[in-house]
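Next comes entry35.txt, a file with compact mmCIF, C-alpha atoms and all ligand atoms.
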```
# COMPACT_ATOMS: atom_id res chain seq x y z
CA MET A 1 -18.17 13.42 -0.15
CA TYR A 2 -15.56 12.50 -2.76
CA ASN A 3 -12.74 10.83 -0.85
CA PHE A 4 -9.27 11.24 -2.41
CA ASN A 5 -7.40 10.61 0.86
CA SER A 6 -4.06 8.81 0.67
CA GLY A 7 -4.72 6.54 3.64
CA PRO A 8 -6.68 5.75 5.65
CA ALA A 9 -8.74 6.01 2.52
CA VAL A 10 -11.99 5.31 0.75
CA LEU A 11 -13.57 1.91 1.46
CA PRO A 12 -16.34 0.16 -0.48
CA ALA A 13 -19.76 1.29 0.73
CA ALA A 14 -20.87 -2.34 1.09
CA VAL A 15 -17.94 -2.98 3.44
CA LEU A 16 -18.75 0.05 5.59
CA TYR A 17 -22.36 -1.03 5.80
CA GLU A 18 -21.60 -4.60 6.81
CA ALA A 19 -18.90 -3.53 9.28
CA SER A 20 -21.27 -1.05 10.91
CA GLU A 21 -23.88 -3.78 11.35
CA ALA A 22 -21.25 -6.06 12.87
CA VAL A 23 -20.43 -3.41 15.45
CA LEU A 24 -23.96 -3.83 16.77
CA ASN A 25 -24.57 -7.49 16.09
CA PHE A 26 -21.89 -9.64 14.48
CA ASN A 27 -23.31 -12.42 12.27
CA ASN A 28 -26.54 -12.31 14.31
CA ILE A 29 -24.84 -13.85 17.36
CA GLY A 30 -26.12 -11.09 19.63
CA LEU A 31 -22.65 -9.67 20.32
CA SER A 32 -20.61 -6.91 18.71
CA ILE A 33 -17.50 -7.78 16.68
CA LEU A 34 -15.78 -5.46 19.19
CA GLU A 35 -16.63 -7.67 22.14
CA ILE A 36 -15.82 -11.20 21.01
CA GLY A 37 -12.65 -12.98 22.11
CA HIS A 38 -9.91 -13.32 19.53
CA ARG A 39 -9.61 -17.05 20.17
CA THR A 40 -13.29 -17.78 19.64
CA ASP A 41 -14.32 -19.71 16.55
CA TRP A 42 -16.20 -16.57 15.49
CA PHE A 43 -13.01 -14.56 15.12
CA VAL A 44 -10.70 -17.41 14.11
CA ASN A 45 -12.99 -18.00 11.11
CA VAL A 46 -12.70 -14.32 10.14
CA LEU A 47 -8.92 -14.40 10.40
CA GLU A 48 -8.58 -17.65 8.47
CA GLU A 49 -10.88 -16.38 5.71
CA ALA A 50 -8.88 -13.14 5.46
CA LYS A 51 -5.58 -15.02 5.17
CA SER A 52 -6.92 -17.46 2.64
CA LEU A 53 -8.37 -14.61 0.53
CA VAL A 54 -4.94 -12.93 0.45
CA LYS A 55 -3.40 -16.15 -0.86
CA GLU A 56 -6.20 -16.75 -3.32
CA LEU A 57 -6.09 -13.23 -4.77
CA MET A 58 -2.31 -13.45 -5.06
CA GLN A 59 -2.48 -17.02 -6.42
CA LEU A 60 0.12 -18.25 -3.96
CA ASP A 61 0.72 -21.84 -2.89
CA ASP A 62 1.42 -23.28 0.55
CA SER A 63 5.08 -22.38 0.47
CA TYR A 64 3.81 -18.94 1.51
CA GLU A 65 2.35 -17.87 4.83
CA VAL A 66 0.09 -14.88 5.38
CA LEU A 67 0.31 -12.92 8.61
CA TYR A 68 -1.81 -10.11 9.99
CA LEU A 69 0.48 -8.07 12.25
CA HIS A 70 0.52 -4.91 14.34
CA GLY A 71 2.73 -1.87 13.99
CA GLY A 72 2.05 -0.67 10.47
CA ALA A 73 4.29 -0.97 7.46
CA THR A 74 6.77 1.14 9.44
CA THR A 75 7.42 -1.80 11.79
CA GLN A 76 8.23 -3.92 8.73
CA PHE A 77 11.06 -1.51 7.84
CA MET A 78 12.76 -2.91 10.95
CA GLN A 79 11.25 -6.39 11.17
CA VAL A 80 12.35 -7.41 7.66
CA PRO A 81 16.10 -6.89 8.19
CA MET A 82 15.88 -8.17 11.78
CA ASN A 83 14.55 -11.50 10.44
CA LEU A 84 16.48 -11.74 7.17
CA LEU A 85 19.85 -10.00 7.49
CA ASN A 86 22.89 -10.89 9.58
CA GLU A 87 25.11 -8.07 10.85
CA ASP A 88 27.97 -8.95 8.50
CA GLU A 89 25.70 -9.39 5.47
CA THR A 90 24.35 -6.97 2.84
CA ALA A 91 20.87 -6.24 1.57
CA SER A 92 20.16 -4.15 -1.54
CA TYR A 93 17.59 -1.37 -1.36
CA CYS A 94 16.00 0.90 -3.97
CA ASP A 95 15.95 4.50 -2.80
CA ASN A 96 12.94 5.92 -4.63
CA GLY A 97 11.03 7.94 -2.10
CA ILE A 98 10.28 8.82 1.46
CA TRP A 99 9.09 5.35 2.49
CA GLY A 100 12.00 3.53 0.85
CA SER A 101 14.42 5.92 2.56
CA LYS A 102 12.85 5.13 5.91
CA ALA A 103 13.22 1.40 5.23
CA ILE A 104 16.91 1.95 4.37
CA LYS A 105 17.50 3.83 7.63
CA GLU A 106 16.12 0.92 9.67
CA ALA A 107 17.94 -1.78 7.68
CA LYS A 108 21.26 -0.10 8.47
CA LEU A 109 20.65 -0.91 12.14
CA PHE A 110 20.91 -4.62 11.34
CA GLY A 111 23.45 -5.06 8.55
CA ASN A 112 25.00 -3.48 5.47
CA VAL A 113 22.87 -1.70 2.91
CA HIS A 114 23.80 -1.46 -0.75
CA ILE A 115 21.80 1.14 -2.71
CA ALA A 116 20.69 -0.69 -5.86
CA CYS A 117 19.30 2.47 -7.45
CA SER A 118 18.31 5.96 -6.41
CA SER A 119 16.14 8.72 -7.82
CA LYS A 120 17.27 11.25 -5.22
CA ASP A 121 19.04 13.30 -7.91
CA GLN A 122 15.65 14.36 -9.28
CA ASN A 123 13.60 14.50 -6.10
CA HIS A 124 12.26 10.99 -6.73
CA THR A 125 10.24 12.05 -9.77
CA TYR A 126 11.15 8.94 -11.76
CA ILE A 127 11.83 5.22 -11.39
CA PRO A 128 15.40 4.21 -12.33
CA LYS A 129 15.55 1.51 -15.00
CA GLU A 130 19.05 0.26 -14.17
CA LEU A 131 19.78 -1.52 -10.91
CA SER A 132 22.97 -2.81 -9.40
CA VAL A 133 22.29 -5.81 -7.19
CA PRO A 134 25.37 -7.70 -6.02
CA GLN A 135 24.90 -11.49 -5.98
CA TYR A 136 25.82 -11.56 -2.31
CA SER A 137 22.75 -9.43 -1.38
CA LYS A 138 20.48 -11.34 0.99
CA TYR A 139 17.50 -9.65 -0.68
CA LEU A 140 16.43 -6.67 -2.79
CA HIS A 141 13.88 -4.32 -1.20
CA TYR A 142 11.75 -1.81 -3.08
CA THR A 143 8.53 0.16 -2.69
CA THR A 144 6.23 -0.78 -5.56
CA ASN A 145 4.27 2.48 -5.39
CA ASN A 146 5.61 5.71 -3.96
CA THR A 147 2.53 7.13 -2.26
CA VAL A 148 4.05 10.54 -1.52
CA GLU A 149 5.97 11.26 -4.73
CA GLY A 150 3.43 9.67 -7.10
CA THR A 151 5.66 7.21 -8.95
CA GLN A 152 5.10 3.47 -9.42
CA TRP A 153 7.16 0.57 -10.67
CA HIS A 154 5.47 -0.73 -13.82
CA PHE A 155 7.91 -3.63 -14.03
CA ILE A 156 9.35 -6.08 -11.53
CA PRO A 157 13.09 -5.52 -11.12
CA GLU A 158 15.28 -8.37 -12.33
CA ALA A 159 17.53 -9.64 -9.57
CA ASN A 160 18.82 -13.07 -8.79
CA VAL A 161 18.21 -12.56 -5.11
CA PRO A 162 14.98 -12.79 -3.05
CA LEU A 163 12.62 -9.88 -3.69
CA VAL A 164 11.06 -7.98 -0.79
CA ALA A 165 8.42 -5.36 -1.50
CA ASP A 166 6.52 -2.71 0.39
CA MET A 167 3.19 -2.80 -1.47
CA SER A 168 1.32 -0.61 1.01
CA SER A 169 -0.23 1.69 -1.55
CA ASP A 170 -0.86 -0.52 -4.57
CA ILE A 171 -1.53 -3.98 -3.17
CA PHE A 172 -4.49 -5.70 -4.88
CA SER A 173 -4.76 -2.95 -7.52
CA ARG A 174 -3.34 -5.03 -10.37
CA GLU A 175 -2.47 -8.54 -11.46
CA ILE A 176 1.20 -9.25 -10.95
CA PRO A 177 3.11 -12.50 -10.44
CA PHE A 178 3.23 -12.33 -6.66
CA SER A 179 5.14 -15.61 -6.55
CA LYS A 180 8.21 -13.71 -7.75
CA PHE A 181 8.43 -12.17 -4.29
CA SER A 182 9.83 -13.74 -1.13
CA LEU A 183 8.27 -11.21 1.20
CA ILE A 184 5.48 -8.68 0.66
CA TYR A 185 4.11 -6.29 3.24
CA ALA A 186 1.40 -3.66 3.20
CA GLY A 187 -0.44 -1.55 5.72
CA ALA A 188 -4.11 -2.41 5.18
CA GLN A 189 -5.40 1.17 5.24
CA LYS A 190 -5.42 1.89 1.49
CA ASN A 191 -6.55 -1.03 -0.67
CA ALA A 192 -6.97 -3.74 1.93
CA GLY A 193 -9.10 -2.44 4.77
CA ALA A 194 -8.96 -0.17 7.80
CA ALA A 195 -5.92 1.19 9.63
CA GLY A 196 -4.44 -0.87 12.45
CA VAL A 197 -3.18 -3.96 10.74
CA THR A 198 -0.44 -4.94 8.29
CA ILE A 199 -0.53 -7.84 5.86
CA VAL A 200 2.77 -9.72 5.60
CA VAL A 201 3.18 -12.51 3.04
CA ILE A 202 6.29 -14.64 3.49
CA LYS A 203 7.87 -17.44 1.53
CA LYS A 204 8.74 -19.66 4.45
CA ASP A 205 12.10 -20.85 3.13
CA ILE A 206 13.72 -17.44 3.63
CA LEU A 207 13.32 -17.62 7.41
CA GLY A 208 15.58 -19.13 10.05
CA LYS A 209 18.86 -17.96 8.54
CA VAL A 210 19.88 -15.17 10.89
CA LYS A 211 22.07 -15.68 13.93
CA ARG A 212 20.73 -12.93 16.18
CA GLN A 213 18.21 -13.47 18.96
CA ILE A 214 14.90 -12.07 17.74
CA PRO A 215 12.42 -10.80 20.35
CA THR A 216 9.40 -13.13 20.33
CA ILE A 217 6.88 -10.65 19.01
CA LEU A 218 9.18 -9.58 16.18
CA ASP A 219 10.04 -13.07 14.99
CA TYR A 220 7.99 -14.03 11.92
CA ARG A 221 8.36 -17.70 12.84
CA THR A 222 6.49 -17.29 16.13
CA HIS A 223 3.65 -15.53 14.32
CA ILE A 224 3.50 -18.32 11.75
CA GLU A 225 3.38 -20.92 14.51
CA ALA A 226 0.71 -18.95 16.35
CA LYS A 227 -1.29 -18.37 13.13
CA SER A 228 -1.30 -14.58 13.69
CA LEU A 229 -2.72 -15.11 17.19
CA LEU A 230 0.45 -14.71 19.24
CA ASN A 231 -1.22 -11.94 21.20
CA THR A 232 -4.49 -10.02 20.87
CA PRO A 233 -4.72 -8.92 17.24
CA PRO A 234 -6.65 -5.85 16.02
CA VAL A 235 -9.88 -7.81 15.67
CA PHE A 236 -11.97 -5.11 14.01
CA ALA A 237 -9.27 -4.05 11.54
CA ILE A 238 -8.81 -7.67 10.46
CA TYR A 239 -12.57 -8.06 10.10
CA VAL A 240 -12.75 -4.97 7.85
CA SER A 241 -9.81 -6.29 5.83
CA MET A 242 -11.58 -9.63 5.36
CA LEU A 243 -14.72 -7.84 4.16
CA THR A 244 -12.64 -5.72 1.77
CA LEU A 245 -10.94 -8.79 0.30
CA ARG A 246 -14.31 -10.52 -0.03
CA TRP A 247 -15.53 -7.44 -1.90
CA ILE A 248 -12.51 -7.52 -4.25
CA LYS A 249 -13.18 -11.19 -5.02
CA LYS A 250 -16.89 -10.65 -5.55
CA GLU A 251 -16.29 -7.70 -7.90
CA GLY A 252 -14.10 -9.85 -10.15
CA GLY A 253 -10.74 -10.14 -8.39
CA LEU A 254 -7.52 -8.44 -9.35
CA ARG A 255 -8.30 -8.51 -13.08
CA GLU A 256 -11.32 -6.28 -12.45
CA MET A 257 -9.40 -4.11 -9.95
CA GLU A 258 -6.70 -3.56 -12.58
CA LYS A 259 -9.29 -2.60 -15.19
CA ARG A 260 -10.80 -0.03 -12.81
CA THR A 261 -7.35 1.21 -11.77
CA ASN A 262 -6.52 1.90 -15.41
CA GLU A 263 -9.86 3.56 -16.12
CA ARG A 264 -9.51 5.95 -13.18
CA ALA A 265 -5.88 6.79 -13.90
CA ASP A 266 -6.45 7.22 -17.67
CA LEU A 267 -9.33 9.59 -17.07
CA PHE A 268 -7.39 11.63 -14.53
CA TYR A 269 -4.09 11.90 -16.41
CA GLU A 270 -5.74 12.59 -19.78
CA THR A 271 -7.61 15.46 -18.17
CA LEU A 272 -4.51 16.73 -16.38
CA ASP A 273 -2.46 16.74 -19.57
CA SER A 274 -5.18 18.57 -21.50
CA LEU A 275 -5.32 21.56 -19.15
CA ASN A 276 -3.20 24.71 -19.10
CA LEU A 277 -3.15 25.56 -15.43
CA PHE A 278 -2.06 22.20 -13.98
CA GLU A 279 0.94 19.99 -14.51
CA GLY A 280 2.06 16.55 -13.38
CA LYS A 281 5.10 16.26 -11.12
CA VAL A 282 6.72 13.03 -12.26
CA ASP A 283 7.91 11.33 -15.48
CA LYS A 284 4.87 10.25 -17.46
CA GLN A 285 6.02 6.67 -17.94
CA ASP A 286 6.49 6.22 -14.18
CA ARG A 287 3.26 7.81 -13.04
CA SER A 288 1.46 6.09 -10.20
CA LEU A 289 -1.96 4.73 -11.06
CA MET A 290 -2.91 5.08 -7.39
CA ASN A 291 -1.52 8.44 -6.27
CA ALA A 292 -1.35 11.19 -8.89
CA THR A 293 0.82 14.14 -7.87
CA PHE A 294 0.51 17.47 -9.64
CA THR A 295 0.73 21.22 -9.14
CA THR A 296 -0.84 24.42 -10.34
CA LYS A 297 1.59 26.21 -12.67
CA ASN A 298 0.75 29.45 -10.89
CA PRO A 299 1.43 28.81 -7.18
CA GLY A 300 -1.28 31.35 -6.31
CA HIS A 301 -3.89 29.03 -7.83
CA GLU A 302 -3.24 26.17 -5.43
CA LYS A 303 -5.20 27.49 -2.47
CA LEU A 304 -7.97 28.71 -4.75
CA PHE A 305 -8.28 25.23 -6.27
CA LEU A 306 -8.23 23.51 -2.89
CA ASP A 307 -10.97 25.86 -1.69
CA GLU A 308 -13.09 24.95 -4.70
CA CYS A 309 -12.48 21.24 -4.02
CA LYS A 310 -13.64 21.73 -0.45
CA GLN A 311 -16.76 23.60 -1.52
CA ASN A 312 -17.58 20.67 -3.81
CA GLY A 313 -17.13 18.03 -1.12
CA MET A 314 -13.76 16.76 -2.42
CA VAL A 315 -11.29 15.89 0.31
CA GLY A 316 -7.69 14.65 0.52
CA ILE A 317 -6.26 16.57 -2.46
CA LYS A 318 -3.48 18.43 -0.66
CA GLY A 319 -0.04 16.91 -1.32
CA HIS A 320 1.95 15.23 1.46
CA ARG A 321 3.41 17.78 3.87
CA SER A 322 6.99 16.82 2.88
CA VAL A 323 6.57 17.64 -0.83
CA GLY A 324 3.62 20.04 -1.06
CA GLY A 325 1.58 20.48 -4.24
CA LEU A 326 -1.52 18.42 -4.94
CA ARG A 327 -2.22 14.70 -4.84
CA VAL A 328 -5.21 12.61 -5.79
CA SER A 329 -5.36 9.07 -4.43
CA MET A 330 -7.44 6.69 -6.52
CA TYR A 331 -7.62 3.41 -4.64
CA ASN A 332 -9.73 0.35 -5.48
CA ALA A 333 -12.88 1.58 -3.76
CA LEU A 334 -12.92 4.99 -5.46
CA PRO A 335 -15.75 5.08 -8.01
CA LEU A 336 -14.88 6.33 -11.49
CA SER A 337 -17.63 8.92 -11.00
CA SER A 338 -15.53 10.56 -8.25
CA VAL A 339 -12.63 10.97 -10.67
CA GLN A 340 -15.06 12.30 -13.27
CA ALA A 341 -16.39 14.88 -10.80
CA LEU A 342 -12.86 16.03 -9.98
CA CYS A 343 -11.90 16.23 -13.67
CA ASP A 344 -15.01 18.34 -14.35
CA LEU A 345 -14.03 20.68 -11.54
CA MET A 346 -10.46 20.96 -12.89
CA LYS A 347 -11.74 21.75 -16.40
CA ASP A 348 -14.06 24.35 -14.99
CA PHE A 349 -11.22 25.87 -12.94
CA ASP A 350 -8.99 25.93 -16.00
CA GLU A 351 -11.61 27.78 -18.01
CA LYS A 352 -12.42 30.26 -15.28
CA HIS A 353 -8.86 31.16 -14.34
CA GLY A 354 -6.95 30.40 -17.52
C1 LIG B 1 4.38 2.89 0.64
C2 LIG B 1 4.19 3.10 2.11
N1 LIG B 1 4.99 2.45 2.98
C3 LIG B 1 4.85 2.61 4.31
C4 LIG B 1 3.90 3.45 4.84
C5 LIG B 1 3.78 3.59 6.32
O1 LIG B 1 2.72 2.85 6.74
P1 LIG B 1 2.24 2.81 8.27
O2 LIG B 1 1.70 4.16 8.56
O3 LIG B 1 1.20 1.73 8.24
O4 LIG B 1 3.39 2.46 9.11
C6 LIG B 1 3.03 4.14 3.98
C7 LIG B 1 2.00 5.01 4.52
O5 LIG B 1 1.31 5.73 3.85
C8 LIG B 1 3.19 3.96 2.59
O6 LIG B 1 2.40 4.61 1.72
```

Before anything else, please render the file you have as structure tokens.
Ligand SMILES: Cc1ncc(COP(=O)(O)O)c(C=O)c1O
Amino acid sequence: MYNFNSGPAVLPAAVLYEASEAVLNFNNIGLSILEIGHRTDWFVNVLEEAKSLVKELMQLDDSYEVLYLHGGATTQFMQVPMNLLNEDETASYCDNGIWGSKAIKEAKLFGNVHIACSSKDQNHTYIPKELSVPQYSKYLHYTTNNTVEGTQWHFIPEANVPLVADMSSDIFSREIPFSKFSLIYAGAQKNAGAAGVTIVVIKKDILGKVKRQIPTILDYRTHIEAKSLLNTPPVFAIYVSMLTLRWIKKEGGLREMEKRTNERADLFYETLDSLNLFEGKVDKQDRSLMNATFTTKNPGHEKLFLDECKQNGMVGIKGHRSVGGLRVSMYNALPLSSVQALCDLMKDFDEKHG
């Protein structure tokens, strides 16, 4: 199968193989990874390796802490303002897509939200280049890659306030100066492993400034103290994430991931732009290198094309239910040959029906 799913998504074959072996016999200890205690040395070593790989790949120093938490990126929409924003304070948010809008909705439960920029006027088909970020903002939040709409920030916004980013759908796909951020979060299920766990990277000095009482399990400080072992973590999901990060490092780290990201996206978009029957949905300069959104110019062709994809073993090409159209997700583990196969099918379709 060619797996273009948006998440959970394609994983490296080597990771799937090793994880499947560990389900039967983890590290030859005679037990499954699914049946070892989370406080055993066996699992603690997995967790510590995963956390240290995150830091290593991001080139972060010890002023940062890495957490593996429950609840998906969606929980972070609420946990970030709960930990960083007092009721009478303001945070700035970029409103560039469905996930950013959800984060804004949650932040409003905890304090004031200033909209630093919005692309709502054009259905989030572009990334605004001008931002307004008042100096009194406690932080600026944005979604680095808009999974649903297919846009991506190709620059880091300038703001003299702490930066907070939802990197769920482009984490580890490119080399960026991660130390510019005070808090980064990402659901693991796209570029960093299996569903069930969220990576949160925090610069420790931004914590401890809110007045409210934070429930224990939602307080980042308790998770830091407990080293991500406050309660039973999703052991298997963390194991798969560790294997995925090991794979990224072994393949050549983020430099190599970025090279592959560009190769896949160049091939796909060059093909898309050369055909008559398809068109991209967003501004070219803001196109996502992870999630390409497009449509058939003739709406009647969409189902026909999806049927052909299915017949050829290509899955995950239907656009998100909220926006329709077509979407191809090209995460780290997607081989270039899968993109090539899809491009060949699109060319063929264009010839047949054009
Ligand atoms: C950018 C982004 N943020 C947040 C989410 C929500 O993640 P979760 O389902 O882990 O809560 C997604 C899911 O696809 C996403 O792509």

For ligand LIG 1 (chain B), return the neighbouring residues as a PDB file with C-alpha atoms, keeping the file's coordinate frame (distance at most 9 Å; all atoms listed in the file).
```
ATOM      1  CA  SER A   6      -4.060   8.810   0.670  1.00  0.00           C
ATOM      2  CA  GLY A   7      -4.720   6.540   3.640  1.00  0.00           C
ATOM      3  CA  PRO A   8      -6.680   5.750   5.650  1.00  0.00           C
ATOM      4  CA  GLY A  71       2.730  -1.870  13.990  1.00  0.00           C
ATOM      5  CA  GLY A  72       2.050  -0.670  10.470  1.00  0.00           C
ATOM      6  CA  ALA A  73       4.290  -0.970   7.460  1.00  0.00           C
ATOM      7  CA  THR A  74       6.770   1.140   9.440  1.00  0.00           C
ATOM      8  CA  THR A  75       7.420  -1.800  11.790  1.00  0.00           C
ATOM      9  CA  GLN A  76       8.230  -3.920   8.730  1.00  0.00           C
ATOM     10  CA  PHE A  77      11.060  -1.510   7.840  1.00  0.00           C
ATOM     11  CA  GLY A  97      11.030   7.940  -2.100  1.00  0.00           C
ATOM     12  CA  ILE A  98      10.280   8.820   1.460  1.00  0.00           C
ATOM     13  CA  TRP A  99       9.090   5.350   2.490  1.00  0.00           C
ATOM     14  CA  GLY A 100      12.000   3.530   0.850  1.00  0.00           C
ATOM     15  CA  LYS A 102      12.850   5.130   5.910  1.00  0.00           C
ATOM     16  CA  ALA A 103      13.220   1.400   5.230  1.00  0.00           C
ATOM     17  CA  THR A 143       8.530   0.160  -2.690  1.00  0.00           C
ATOM     18  CA  THR A 144       6.230  -0.780  -5.560  1.00  0.00           C
ATOM     19  CA  ASN A 145       4.270   2.480  -5.390  1.00  0.00           C
ATOM     20  CA  ASN A 146       5.610   5.710  -3.960  1.00  0.00           C
ATOM     21  CA  THR A 147       2.530   7.130  -2.260  1.00  0.00           C
ATOM     22  CA  VAL A 148       4.050  10.540  -1.520  1.00  0.00           C
ATOM     23  CA  ASP A 166       6.520  -2.710   0.390  1.00  0.00           C
ATOM     24  CA  MET A 167       3.190  -2.800  -1.470  1.00  0.00           C
ATOM     25  CA  SER A 168       1.320  -0.610   1.010  1.00  0.00           C
ATOM     26  CA  SER A 169      -0.230   1.690  -1.550  1.00  0.00           C
ATOM     27  CA  ASP A 170      -0.860  -0.520  -4.570  1.00  0.00           C
ATOM     28  CA  TYR A 185       4.110  -6.290   3.240  1.00  0.00           C
ATOM     29  CA  ALA A 186       1.400  -3.660   3.200  1.00  0.00           C
ATOM     30  CA  GLY A 187      -0.440  -1.550   5.720  1.00  0.00           C
ATOM     31  CA  ALA A 188      -4.110  -2.410   5.180  1.00  0.00           C
ATOM     32  CA  GLN A 189      -5.400   1.170   5.240  1.00  0.00           C
ATOM     33  CA  LYS A 190      -5.420   1.890   1.490  1.00  0.00           C
ATOM     34  CA  ALA A 195      -5.920   1.190   9.630  1.00  0.00           C
ATOM     35  CA  GLY A 196      -4.440  -0.870  12.450  1.00  0.00           C
ATOM     36  CA  VAL A 197      -3.180  -3.960  10.740  1.00  0.00           C
ATOM     37  CA  THR A 198      -0.440  -4.940   8.290  1.00  0.00           C
TER      38      THR A 198
END
```

Given only C-alpha atoms as the counted atoms, nearest of A:Val133, A:Ala192, A:Cys94, A:Leu245 to Ser119 of chain A: A:Cys94

Closest of A:Val66, A:Val46, A:Leu57, A:Val15 to Val200 of chain A - atom-to-atom distances counting all atoms listed in the file: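 Checking each of A:Val66, A:Val46, A:Leu57, A:Val15 against Val200 of chain A, counting all atoms listed in the file, the winner is A:Val66.
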
Go through segment 161-257 of chain A residue by residue and, counting only C-alpha atoms, keep those with an atom at most 8 Å from segment 16-21 of chain A; for each kept residue give the shortest atom pair and its distance in Å to one decimal, ordered by chain and increasing number, as a Markdown table.
```
| residue | atom | partner | partner_atom | distance |
| --- | --- | --- | --- | --- |
| A:Tyr239 | CA | A:Ala19 | CA | 7.8 |
| A:Val240 | CA | A:Ala19 | CA | 6.5 |
| A:Leu243 | CA | A:Ala19 | CA | 7.9 |
```

Pick from A:Tyr220, A:Tyr269, A:Phe294, A:Phe278, whichever lies nearest to Glu65 of chain A using only C-alpha atoms: A:Tyr220

Residue nearest Leu342 of chain A - candidates A:Lys227, A:Phe4, A:His114, A:Ile33, atoms counted: all atoms listed in the file: A:Phe4

Would you write out, as a Markdown table, a table of all residues in segment 149-178 of chain A that have an atom no more than 10 Å from an atom of segment 255-264 of chain A, listing for each the closest atom pair and the distance in Å to one decimal, considering all atoms listed in the file and ordering rows by chain and rising residue number?
```
| residue | atom | partner | partner_atom | distance |
| --- | --- | --- | --- | --- |
| A:Asp170 | CA | A:Thr261 | CA | 9.8 |
| A:Phe172 | CA | A:Met257 | CA | 7.2 |
| A:Ser173 | CA | A:Met257 | CA | 5.4 |
| A:Arg174 | CA | A:Glu258 | CA | 4.3 |
| A:Glu175 | CA | A:Arg255 | CA | 6.1 |
| A:Ile176 | CA | A:Arg255 | CA | 9.8 |
```

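Between Ser329 of chain A and the residues A:Thr90, A:Ser179, A:Asn291, A:Asn96, the shortest atom-to-atom distance, using all atoms listed in the file, involves A:Asn291.
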
Who sits within 9 Å of Ile206 of chain A, only C-alpha atoms, same chain under 4 positions skipped, as a VMD selection string: chain A and resid 84 162 182 to 183 202

Using the selection just defined, write its residues with C-alpha atoms as an mmCIF file, in the coordinates of the input.
```cif
data_model
loop_
_atom_site.group_PDB
_atom_site.id
_atom_site.type_symbol
_atom_site.label_atom_id
_atom_site.label_comp_id
_atom_site.auth_asym_id
_atom_site.auth_seq_id
_atom_site.Cartn_x
_atom_site.Cartn_y
_atom_site.Cartn_z
ATOM 1 C CA LEU A 84 16.480 -11.740 7.170
ATOM 2 C CA PRO A 162 14.980 -12.790 -3.050
ATOM 3 C CA SER A 182 9.830 -13.740 -1.130
ATOM 4 C CA LEU A 183 8.270 -11.210 1.200
ATOM 5 C CA ILE A 202 6.290 -14.640 3.490
#
```

Of the listed residues A:Ser63, A:Leu131, A:Met78, A:Phe155, that which approaches Asp205 of chain A most closely, counting only C-alpha atoms: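 The shortest atom-to-atom distance to Asp205 of chain A comes from A:Ser63.
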
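Note that the spacing between atom CA of Asp41 of chain A and atom CA of Tyr68 of chain A amounts to 17.1 Å.
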
Length of the atom CA of Lys318 of chain A to atom CA of Leu272 of chain A vector [Å]: 15.8 Å

Nearby residues (all atoms listed in the file) at most 8 Å from His124 of chain A, same-chain spacing under 2 positions excluded, as a list in words: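 Skipping anything fewer than 2 positions along the chain leaves Asn96, Gly97, Ser118, Ser119, Lys120, Asp121, Gln122, Tyr126, Ile127, Glu149 and Thr151 of chain A.
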
Residues within 6 Å of segment 331-339 of chain A, only C-alpha atoms, excluding chain neighbours under 3 positions, as a VMD selection string: chain A and resid 2 10 to 12 191 264 290 342

Can you write out the residues you just picked, keeping C-alpha atoms, as a short mmCIF file (atom, residue, chain, number, x, y, z; two decimals), keeping the file's coordinate frame?
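Writing the result to selection32.cif gives the following:
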```
data_model
loop_
_atom_site.label_atom_id
_atom_site.label_comp_id
_atom_site.auth_asym_id
_atom_site.auth_seq_id
_atom_site.Cartn_x
_atom_site.Cartn_y
_atom_site.Cartn_z
CA TYR A 2 -15.56 12.50 -2.76
CA VAL A 10 -11.99 5.31 0.75
CA LEU A 11 -13.57 1.91 1.46
CA PRO A 12 -16.34 0.16 -0.48
CA ASN A 191 -6.55 -1.03 -0.67
CA ARG A 264 -9.51 5.95 -13.18
CA MET A 290 -2.91 5.08 -7.39
CA LEU A 342 -12.86 16.03 -9.98
#
```

Close residues, Phe305 of chain A itself excluded, 10 Å, only C-alpha atoms, min 2 positions apart in chain, as a PyMOL selection string: chain A and resi 296+300-303+307-311+317+326+345-346+349-350

Find the smallest box with edges along x, y and z containing every listed atom of segment 226-234 of chain A, then add 8 Å on each side and report centre and edge lengths in Å to one decimal, as JSON.
```
{"center_x": -3.0, "center_y": -12.4, "center_z": 17.2, "size_x": 23.4, "size_y": 29.1, "size_z": 24.1}
```

Separation of atom CA of His141 of chain A from atom CA of Thr222 of chain A, in Å and rounded to one decimal: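 Going from atom CA of His141 of chain A over to atom CA of Thr222 of chain A covers 22.9 Å.
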
Nearby residues, (22.5, -5.4, 6.1) file frame, 6 Å, all atoms listed in the file, as a PyMOL selection string: chain A and resi 85+89-91+108+110-113

Please list, as a compact mmCIF listing (two decimals) with C-alpha atoms, in the frame of the given file, the residues that have an atom at most 12 Å away from (-3.5, -7.3, 21.9) in the coordinates of this file, counting all atoms listed in the file.
```txt
# COMPACT_ATOMS: atom_id res chain seq x y z
CA GLY A 37 -12.65 -12.98 22.11
CA HIS A 38 -9.91 -13.32 19.53
CA ARG A 39 -9.61 -17.05 20.17
CA LEU A 69 0.48 -8.07 12.25
CA HIS A 70 0.52 -4.91 14.34
CA GLY A 71 2.73 -1.87 13.99
CA GLY A 196 -4.44 -0.87 12.45
CA VAL A 197 -3.18 -3.96 10.74
CA ILE A 217 6.88 -10.65 19.01
CA SER A 228 -1.30 -14.58 13.69
CA LEU A 229 -2.72 -15.11 17.19
CA LEU A 230 0.45 -14.71 19.24
CA ASN A 231 -1.22 -11.94 21.20
CA THR A 232 -4.49 -10.02 20.87
CA PRO A 233 -4.72 -8.92 17.24
CA PRO A 234 -6.65 -5.85 16.02
CA VAL A 235 -9.88 -7.81 15.67
CA PHE A 236 -11.97 -5.11 14.01
```

Spatial neighbours of Asn3 of chain A, max dist 7 Å, only C-alpha atoms, sep filter under 2 positions, as JSON, numbers by chain: {"A": [1, 5, 10, 314, 315, 316]}
